[in-house]
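What follows is a single structure, written as structure tokens, with notes after it.
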Amino acid sequence: MTKDQKKVYIEEMTKQFESSKAVMVTHYQGLTMPQIDELRSKMREHGIIFKITKNRITKLALEKTRCKELTNLFTGPTAVAFGEDAIMSARILSKFAKDNDNLKLIGGIMENEVLDQSGVQNVANLPTLDEARANIVGILNAPASKLVSILLARSEKMSSLSAENSEK
């Protein structure tokens, strides 16, 4: 890599670290190229970029960003997932890591919060925004549906009583 290429790489990585709300760091040693391509395509469907890094140069890019606490994670064969949705990034990586022992989640950052390996797993288990909204609607909808069923049952009883009274 020439000096100019390194400079461009550092600038691109700095922009990625600064613009992404979620950054997840992984070790990918032992994954084949078809496996990496499969992971990339799954992540791309959700607007997440999965990029294999050059550690020494990436550490230089990290110095200028809010993600500088992640510097110590960049050892060995490292890849980074950049995205807007930390939950989706963590879920995809976690699911892929369960199916492929060669992918290791080692940490990340969500907004400004640094996550260790267990933190990434906890984020993966959180509901997405849409799932949380659906749960809230379900909780709010349940009392209303119970109230409607009580009122309907009451009106059915009233109508049956009025029918019995008319027969007498």
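Numbering starts fresh at 1 for the residues of each chain in the structure tokens, the chains themselves are lettered A, B, ... in the order given, and ligands are numbered from 1 as they appear.
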
Next item on the list: Run DSSP on the backbone and give me the residues of stretch 18-160 of chain A it puts in alpha helix (DSSP H), as an MDAnalysis selection string.
Entry: chainID A and resid 18:19 33:44 55:62 86:99 117:125 129:160

Check: Neighbours of stretch 33-37 of chain A within 9 Å (only C-alpha atoms; same-chain residues fewer than 5 positions away dropped), as a ChimeraX atom specification?
Finding: /A:28,42,50,100

Those same residues, written as a PDB file, in the first residue's frame with all heavy atoms?
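So the final result, stored in again18.pdb, reads:
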ATOM      1  N   TYR A  28     -12.280 -12.877  12.527  1.00  0.00           N
ATOM      2  CA  TYR A  28     -12.856 -13.748  11.500  1.00  0.00           C
ATOM      3  C   TYR A  28     -11.928 -14.881  11.084  1.00  0.00           C
ATOM      4  O   TYR A  28     -12.199 -15.570  10.091  1.00  0.00           O
ATOM      5  CB  TYR A  28     -13.243 -12.923  10.265  1.00  0.00           C
ATOM      6  CG  TYR A  28     -12.054 -12.330   9.554  1.00  0.00           C
ATOM      7  CD1 TYR A  28     -11.428 -13.015   8.515  1.00  0.00           C
ATOM      8  CD2 TYR A  28     -11.536 -11.105   9.937  1.00  0.00           C
ATOM      9  CE1 TYR A  28     -10.325 -12.475   7.867  1.00  0.00           C
ATOM     10  CE2 TYR A  28     -10.442 -10.566   9.299  1.00  0.00           C
ATOM     11  CZ  TYR A  28      -9.841 -11.242   8.268  1.00  0.00           C
ATOM     12  OH  TYR A  28      -8.753 -10.711   7.648  1.00  0.00           O
ATOM     13  N   LYS A  42     -25.923 -10.545   4.142  1.00  0.00           N
ATOM     14  CA  LYS A  42     -26.941 -10.460   5.192  1.00  0.00           C
ATOM     15  C   LYS A  42     -26.921  -9.082   5.842  1.00  0.00           C
ATOM     16  O   LYS A  42     -27.967  -8.497   6.132  1.00  0.00           O
ATOM     17  CB  LYS A  42     -26.704 -11.527   6.267  1.00  0.00           C
ATOM     18  CG  LYS A  42     -27.091 -12.912   5.843  1.00  0.00           C
ATOM     19  CD  LYS A  42     -26.819 -13.905   6.949  1.00  0.00           C
ATOM     20  CE  LYS A  42     -27.130 -15.320   6.497  1.00  0.00           C
ATOM     21  NZ  LYS A  42     -26.840 -16.306   7.541  1.00  0.00           N
ATOM     22  N   PHE A  50     -19.784  -4.442   6.429  1.00  0.00           N
ATOM     23  CA  PHE A  50     -18.854  -5.344   7.115  1.00  0.00           C
ATOM     24  C   PHE A  50     -17.534  -5.260   6.374  1.00  0.00           C
ATOM     25  O   PHE A  50     -17.449  -5.615   5.205  1.00  0.00           O
ATOM     26  CB  PHE A  50     -19.394  -6.775   7.103  1.00  0.00           C
ATOM     27  CG  PHE A  50     -18.573  -7.733   7.910  1.00  0.00           C
ATOM     28  CD1 PHE A  50     -18.618  -7.710   9.289  1.00  0.00           C
ATOM     29  CD2 PHE A  50     -17.760  -8.664   7.292  1.00  0.00           C
ATOM     30  CE1 PHE A  50     -17.863  -8.601  10.046  1.00  0.00           C
ATOM     31  CE2 PHE A  50     -17.004  -9.558   8.020  1.00  0.00           C
ATOM     32  CZ  PHE A  50     -17.064  -9.538   9.409  1.00  0.00           C
ATOM     33  N   ASN A 100     -21.191 -20.358  12.907  1.00  0.00           N
ATOM     34  CA  ASN A 100     -19.797 -20.470  12.467  1.00  0.00           C
ATOM     35  C   ASN A 100     -18.874 -20.140  13.645  1.00  0.00           C
ATOM     36  O   ASN A 100     -18.749 -18.985  14.021  1.00  0.00           O
ATOM     37  CB  ASN A 100     -19.519 -19.484  11.320  1.00  0.00           C
ATOM     38  CG  ASN A 100     -20.377 -19.772  10.108  1.00  0.00           C
ATOM     39  OD1 ASN A 100     -20.154 -20.748   9.420  1.00  0.00           O
ATOM     40  ND2 ASN A 100     -21.360 -18.933   9.868  1.00  0.00           N
TER      41      ASN A 100
END

Checklist line | strand (DSSP E or B) residues, from DSSP on the backbone, in chain A, as a PyMOL selection string | finding: chain A and resi 22-27+49-52+78-83+104-110+113-115

Could you turn the residues from that selection into a file that holds C-alpha atoms, as a PDB file, in the first residue's frame?
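selection31.pdb, freshly written:
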ATOM      1  CA  ALA A  22     -22.955   1.288  15.916  1.00  0.00           C
ATOM      2  CA  VAL A  23     -19.521  -0.249  15.442  1.00  0.00           C
ATOM      3  CA  MET A  24     -19.008  -3.962  16.144  1.00  0.00           C
ATOM      4  CA  VAL A  25     -15.525  -5.519  16.103  1.00  0.00           C
ATOM      5  CA  THR A  26     -15.001  -9.200  15.254  1.00  0.00           C
ATOM      6  CA  HIS A  27     -12.252 -11.723  14.646  1.00  0.00           C
ATOM      7  CA  ILE A  49     -21.136  -2.435   6.146  1.00  0.00           C
ATOM      8  CA  PHE A  50     -18.854  -5.344   7.115  1.00  0.00           C
ATOM      9  CA  LYS A  51     -15.242  -4.475   6.401  1.00  0.00           C
ATOM     10  CA  ILE A  52     -11.993  -6.371   6.944  1.00  0.00           C
ATOM     11  CA  THR A  78     -10.135  -8.137  12.546  1.00  0.00           C
ATOM     12  CA  ALA A  79     -13.282  -7.043  10.742  1.00  0.00           C
ATOM     13  CA  VAL A  80     -15.687  -4.253  11.644  1.00  0.00           C
ATOM     14  CA  ALA A  81     -19.431  -3.831  11.143  1.00  0.00           C
ATOM     15  CA  PHE A  82     -20.541  -0.210  10.653  1.00  0.00           C
ATOM     16  CA  GLY A  83     -24.236   0.592  10.899  1.00  0.00           C
ATOM     17  CA  LYS A 104     -15.808 -14.145  17.315  1.00  0.00           C
ATOM     18  CA  LEU A 105     -17.551 -11.019  18.584  1.00  0.00           C
ATOM     19  CA  ILE A 106     -15.006  -9.136  20.645  1.00  0.00           C
ATOM     20  CA  GLY A 107     -16.635  -5.781  21.336  1.00  0.00           C
ATOM     21  CA  GLY A 108     -18.055  -2.622  19.920  1.00  0.00           C
ATOM     22  CA  ILE A 109     -19.566   0.752  20.513  1.00  0.00           C
ATOM     23  CA  MET A 110     -23.225   1.800  20.469  1.00  0.00           C
ATOM     24  CA  GLU A 113     -21.221   3.430  24.988  1.00  0.00           C
ATOM     25  CA  VAL A 114     -18.320   0.974  24.713  1.00  0.00           C
ATOM     26  CA  LEU A 115     -19.437  -2.679  24.729  1.00  0.00           C
TER      27      LEU A 115
END

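Minimum atom-to-atom distances from A:Ile57, A:Leu31, A:Met43, A:Leu73 to A:Lys3 were compared using only C-alpha atoms, and the lowest value belongs to A:Ile57.
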
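A straight line drawn from atom CA of A:Leu39 to atom CA of A:Thr14 is 23.1 Å long.
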
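If only C-alpha atoms are the atoms counted, then among A:Lys21, A:Lys7, A:Lys68, A:His46 the closest residue to A:Met88 is A:His46.
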